[in-house]
Amino acid sequence: MTAVAATGSAAFLGRYEGLRTRLPGARVAWVEALRERAAEAFRQSGFPTRRVEAWKYTDLAGVAGAVFGEPLTSVEDRLEIPAAMHPRAVFVDGRFRPDLSTLAGLGFTAESLADALPRLEGWLGSLARPASEPMAALNGMLFEDGLVVHVPAGVAGGVLELLSIATESERAPAYHPRHLVRLGAGASLTIVESATGPSGARYLHNPVFEIEVAEGARLNHGRLQLEGHEGVFLSTVYARVGAGAAYDNFTLNAGARLARNEIHVALTGLKAEAHMNGVQLVGDGQHADTTTSLDHAAPDCASRQTYKTVLAGRSRGVFQGKIHVHQVAQKTDGYQMNQALLLSPEAEIDSKPQLEIYADDVKCSHGATVGELDADHLFFLRARGIPEAQAKAILVEAFLTEAVEAVADETIRTALTRGVAGWWGRQGVAGGLEEA
Amino acid sequence: MLKIENLHATVEGKQILNGLSLEIPAGEVHAIMGPNGSGKSTLSYVLAGREGYEVTEGSVSFNGQDLLAMEPEERAVAGMFLAFQAPVELPGVGNANFLRTALNAIRRARGEAEIDAMQFLKLARARMKVLNMPEDMLKRPVNVGFSGGEKKRNEMLQLALLAPGFAVLDETDSGLDIDALKMVADTVNSLRGPAFSALVITHYQRLLNHIVPDRVHVLSAGRIVKSGGPELAQELEAAGYAGVQAAA
Ligand SMILES: Nc1ncnc2c1ncn2[C@@H]1O[C@H](COP(=O)(O)OP(=O)(O)O)[C@@H](O)[C@H]1O
Ligand SMILES: [Mg+2]
């Protein structure tokens, strides 16, 4: 051990070298090979700089320059965990906590990845692309745990909560959970995921999801990113959606100092569907990035994306959305809309929609808008006696309505509404509209 | 109740109000008539506190308070209400939720008890019946997809529910048929009493047959050029503004 802590990719590579014989799956040949491939990719790429096209608007220099430690095995039992509404898997600092989880009696499998690892050959790593996504490479090199969910064909799995909780720690832990979700033909599941942490804690949460939705199955994936203010959240989701199946991702990207919500979806069977909606709430000092890439790789598929970003104070938002319609993907119906609302002159948004269409019979549209609150709308509400801050909250809520209403799942919509209200609370605004 | 003295106001550097003075005592309804561009809407916005309408001289006192020093929402709490000439549409803001939020914001600021959702709906439904508004207008977003007439009815619903001490109606009658016009008049008349005053801005004498004003004023080039009783409205109808201005 040297006295000066290493930073950046060298530090993570050093940790890998030091730990490789002790990481989960060490001495399991295929796991070792998988880690080594990821490590090799990360040796090549390191943390991407802004010269890398996909990272043009999100600067990881601050992350690369920071010193991160390893999470300690958490024994923290004074965690503030909301009451369980559904079966749930709880991760604390990236590690599965069976004592806090309730996964008994499910009609499907949900277990810790560290436990299941020897049985995951051919599944783990089947979708992640460490060679193209450096953060997935970092994850592939150092993952230790995660959630493995398998809903067998025809099973309606109901709702499963996935909680990731960061604890207060001097060590600024970095963790890289790998979550695998597989829905068999005709199965269904709703995952309500939340990531939270204490406001002063420094940490890096770098999860990767590999999701397979087989023919006719449906996965609703609601994600509430409410990390603590000093946290860094770099998340990559890979999903493959089969014939007649649907993947519905909704992400509230509201926490963390720096957050990237990266989603890669491939529609690989006839009439597959993807809904990717999201709301980014970016307050003073925050940077939030949503980057989607959607492969229409089969005919008759439909995709819908609506992303809304609200920026306050000195903040930065990013939306990058790529739709790739392969030559075979005739009758593709693709729609993408991203809209930003700037509440402050110091807020900035970068938006880059990108369509690549190689089929000739497709319907694909996209749009982007950037605006401020309408002064006439604000005046109207105030002239009716509504205080300025509340009037603004009402108009922001109205701006978000379209994205929120696109969420089909009631549980997710409710969680989302609460998440948005929480963000307003932290901005010092009590709330918007009262219900009548 | 409302006392405007020597009011001068500019919009985008352009002088619109030029020394307007007007006093409306408690319990009285006054009408302002005047040609297009004479500054009627500007006056209504200055009273409601809209941004961009800069008062360069003069004063407005409202129940003894300096109205011009107040924020728009403070004016509403103090009892000032403006029925807009062109009400805005608010996509994503449900009408019922908006109405209850406004009502409770004012009640809260006045230290009055809030109205719960049940009470509110009862109140709103009763008012809507009187205004001949279909109930689904509560569920729809504020003014979105409403016809011109429906928007004006919605303004009258707000007026009826918020029951302010002072109402400015900016050409609420424009574009309305006779039934809708009567509905506007009924709403104002139902509020009339010793603690309520109104300023009714209109082009047409028609509305003033139903809301009989205590005084009628003619506005021209940002000033009151003539004042009189209700008969002045009839004179204007017959002779036009040109005749009145010449006489002034
Ligand atoms: N926002 C504005 N910017 C520039 N000029 C304006 C604005 N609003 C009103 N005006 C001008 O002020 C004058 C008075 O307008 P307004 O008060 O609307 O008159 P009225 O309501 O009597 O028709 C007109 O000449 C109009 O063009
Ligand atoms: Mg006007």
# chains A, B, ... in the order shown; residues from 1 in each chain; ligands from 1

call {"tool": "residues_near_ligand", "arguments": {"ligand": "ligand 1", "cutoff": "10 Å", "atoms": "only C-alpha atoms and all ligand atoms", "output": "ChimeraX atom specification"}}
result
/B:9-17,32-46,51-53,85,170-171,201-203,219-222

call {"tool": "residues_around", "arguments": {"residues": "Gln354 of chain A", "least_positions_apart": "6", "cutoff": "9 Å", "atoms": "only C-alpha atoms", "output": "compact mmCIF listing (two decimals) with N, CA, C and O atoms, in the first residue's frame"}}
result
# COMPACT_ATOMS: atom_id res chain seq x y z
N GLN A 320 -29.53 12.84 -24.41
CA GLN A 320 -29.07 12.32 -25.69
C GLN A 320 -29.95 11.12 -26.02
O GLN A 320 -30.09 10.22 -25.20
N GLY A 321 -30.54 11.13 -27.18
CA GLY A 321 -31.42 10.01 -27.51
C GLY A 321 -31.20 9.55 -28.93
O GLY A 321 -31.39 10.30 -29.87
N LYS A 322 -30.77 8.30 -29.04
CA LYS A 322 -30.50 7.78 -30.37
C LYS A 322 -31.51 6.69 -30.71
O LYS A 322 -31.79 5.82 -29.89
N ILE A 323 -32.08 6.78 -31.89
CA ILE A 323 -32.96 5.71 -32.37
C ILE A 323 -32.33 5.15 -33.64
O ILE A 323 -32.06 5.89 -34.58
N HIS A 324 -32.08 3.86 -33.61
CA HIS A 324 -31.47 3.20 -34.75
C HIS A 324 -32.49 2.21 -35.31
O HIS A 324 -32.85 1.25 -34.65
N HIS A 366 -39.35 12.99 -33.85
CA HIS A 366 -38.73 13.41 -32.61
C HIS A 366 -38.83 14.92 -32.50
O HIS A 366 -39.00 15.62 -33.50

call {"tool": "select_by_dssp", "arguments": {"residues": "segment 344-416 of chain A", "states": "strand (DSSP E or B)", "output": "number ranges by chain"}}
result
A: 348-357, 363-371

call {"tool": "write_last_selection", "arguments": {"atoms": "C-alpha atoms", "output": "CSV table (one decimal), in the first residue's frame"}}
result
chain,number,residue,atom,x,y,z
A,348,GLU,CA,-28.2,24.9,-19.1
A,349,ILE,CA,-29.4,22.0,-21.1
A,350,ASP,CA,-27.7,20.1,-23.9
A,351,SER,CA,-29.9,18.0,-26.0
A,352,LYS,CA,-29.0,15.7,-28.8
A,353,PRO,CA,-31.6,13.6,-30.6
A,354,GLN,CA,-30.2,11.3,-33.2
A,355,LEU,CA,-32.1,9.2,-35.8
A,356,GLU,CA,-30.5,6.6,-37.9
A,357,ILE,CA,-33.0,5.0,-40.2
A,363,LYS,CA,-42.9,6.4,-38.9
A,364,CYS,CA,-40.4,8.1,-36.7
A,365,SER,CA,-40.6,11.5,-35.2
A,366,HIS,CA,-38.7,13.4,-32.6
A,367,GLY,CA,-38.8,16.8,-31.1
A,368,ALA,CA,-37.0,19.0,-28.6
A,369,THR,CA,-38.0,22.2,-26.8
A,370,VAL,CA,-36.3,24.4,-24.3
A,371,GLY,CA,-38.3,27.1,-22.6

call {"tool": "closest_atom_pairs", "arguments": {"of": "chain B", "to": "chain A", "cutoff": "6 Å", "atoms": "only C-alpha atoms", "output": "tab-separated table"}}
result
residue	atom	partner	partner_atom	distance
B:Pro72	CA	A:Ala383	CA	5.1
B:Glu73	CA	A:Gly385	CA	4.1
B:Ala76	CA	A:Gly385	CA	4.8
B:Val77	CA	A:Gly385	CA	5.8
B:Gly92	CA	A:Ala398	CA	4.2
B:Val93	CA	A:Ala398	CA	5.6
B:Ala96	CA	A:Ala436	CA	5.7
B:Asn97	CA	A:Ala436	CA	4.9
B:Thr101	CA	A:Glu434	CA	5.3
B:Ala102	CA	A:Ile386	CA	5.6
B:Ala105	CA	A:Ile386	CA	5.5
B:Ile106	CA	A:Gly385	CA	5.5
B:Ala117	CA	A:Ala436	CA	4.7

call {"tool": "write_last_selection", "arguments": {"atoms": "N, CA, C and O atoms", "output": "compact mmCIF listing (two decimals), in the first residue's frame"}}
result
# COMPACT_ATOMS: atom_id res chain seq x y z
N PRO B 72 -48.96 40.74 -6.91
CA PRO B 72 -50.27 40.36 -7.45
C PRO B 72 -51.09 39.50 -6.48
O PRO B 72 -52.29 39.72 -6.31
N GLU B 73 -50.41 38.50 -5.85
CA GLU B 73 -51.16 37.61 -4.96
C GLU B 73 -51.64 38.33 -3.70
O GLU B 73 -52.69 38.03 -3.15
N ALA B 76 -54.77 40.07 -4.61
CA ALA B 76 -55.91 39.14 -4.63
C ALA B 76 -56.41 38.88 -3.21
O ALA B 76 -57.61 38.85 -2.96
N VAL B 77 -55.46 38.71 -2.29
CA VAL B 77 -55.82 38.46 -0.89
C VAL B 77 -56.54 39.68 -0.31
O VAL B 77 -57.51 39.55 0.45
N GLY B 92 -52.34 20.85 -18.42
CA GLY B 92 -51.77 20.11 -17.30
C GLY B 92 -52.22 20.59 -15.93
O GLY B 92 -51.84 20.00 -14.92
N VAL B 93 -53.01 21.68 -15.89
CA VAL B 93 -53.51 22.17 -14.60
C VAL B 93 -55.02 21.96 -14.56
O VAL B 93 -55.76 22.63 -15.28
N ALA B 96 -60.57 22.14 -11.49
CA ALA B 96 -61.07 22.03 -10.11
C ALA B 96 -59.91 22.23 -9.12
O ALA B 96 -60.04 22.98 -8.14
N ASN B 97 -58.79 21.56 -9.40
CA ASN B 97 -57.64 21.69 -8.49
C ASN B 97 -57.16 23.14 -8.43
O ASN B 97 -56.83 23.66 -7.37
N THR B 101 -57.19 25.44 -5.13
CA THR B 101 -55.89 25.97 -4.70
C THR B 101 -55.95 27.48 -4.52
O THR B 101 -55.46 28.03 -3.54
N ALA B 102 -56.59 28.16 -5.48
CA ALA B 102 -56.70 29.62 -5.42
C ALA B 102 -57.54 30.04 -4.21
O ALA B 102 -57.16 30.91 -3.43
N ALA B 105 -55.61 29.39 -1.06
CA ALA B 105 -54.46 30.29 -0.93
C ALA B 105 -54.93 31.61 -0.33
O ALA B 105 -54.30 32.17 0.59
N ILE B 106 -56.04 32.11 -0.83
CA ILE B 106 -56.58 33.38 -0.33
C ILE B 106 -57.08 33.23 1.10
O ILE B 106 -56.79 34.05 1.98
N ALA B 117 -61.88 19.17 0.13
CA ALA B 117 -62.24 18.82 -1.25
C ALA B 117 -63.74 18.63 -1.42
O ALA B 117 -64.32 19.07 -2.41

call {"tool": "atom_distance", "arguments": {"atom1": "atom CA of Arg140 of chain B", "atom2": "atom CA of Leu121 of chain B"}}
result
14.4 Å

call {"tool": "select_by_dssp", "arguments": {"residues": "segment 57-197 of chain B", "states": "helix (DSSP H, G or I)", "output": "ChimeraX atom specification"}}
result
/B:67-69,72-78,95-109,117-130,136-139,148-162,178-191

call {"tool": "residues_around", "arguments": {"residues": "Pro194 of chain B", "least_positions_apart": "5", "cutoff": "12 Å", "atoms": "only C-alpha atoms", "output": "PDB file with C-alpha atoms, in the first residue's frame"}}
result
ATOM      1  CA  MET B   1     -62.699  51.659  -1.668  1.00  0.00           C
ATOM      2  CA  PRO B  25     -66.602  54.214  -3.355  1.00  0.00           C
ATOM      3  CA  ALA B  26     -67.600  51.021  -1.558  1.00  0.00           C
ATOM      4  CA  GLY B  27     -70.824  49.527  -2.867  1.00  0.00           C
ATOM      5  CA  GLU B  28     -70.644  51.213  -6.265  1.00  0.00           C
ATOM      6  CA  VAL B  29     -70.255  49.803  -9.758  1.00  0.00           C
ATOM      7  CA  GLY B 165     -64.351  42.957  -2.572  1.00  0.00           C
ATOM      8  CA  PHE B 166     -63.465  44.545  -5.886  1.00  0.00           C
TER       9      PHE B 166
END

call {"tool": "residues_around", "arguments": {"residues": "segment 259-273 of chain A", "least_positions_apart": "4", "cutoff": "8 Å", "atoms": "only C-alpha atoms", "output": "ChimeraX atom specification"}}
result
/A:215,232-247,251,253,255,287-303

call {"tool": "closest_residue", "arguments": {"among": "B:Ala86, B:Val216, B:Ile211, B:Ala126", "to": "ligand 2", "atoms": "only C-alpha atoms and all ligand atoms"}}
result
B:Ala86

call {"tool": "atom_distance", "arguments": {"atom1": "atom CA of Asp214 of chain B", "atom2": "atom CA of Ile4 of chain B"}}
result
17.1 Å

call {"tool": "residues_around", "arguments": {"residues": "Leu147 of chain A", "least_positions_apart": "5", "cutoff": "10 Å", "atoms": "only C-alpha atoms", "output": "list in words"}}
result
Ala89, Val90, Phe91, Arg95, Phe96, Ala110, Glu111, Ser112, Leu113, Ala114, Asp115, Ala116, Leu162, Pro177, Arg178, His179, Leu180, Val181 and Phe209 of chain A

call {"tool": "closest_residue", "arguments": {"among": "A:Gly186, A:Pro82, A:Gly222, A:Gly317", "to": "Val159 of chain A", "atoms": "only C-alpha atoms"}}
result
A:Gly222

call {"tool": "residues_around", "arguments": {"residues": "Ile191 of chain A", "least_positions_apart": "3", "cutoff": "9 Å", "atoms": "only C-alpha atoms", "output": "PyMOL selection string"}}
result
chain A and resi 158-162+219-223+412
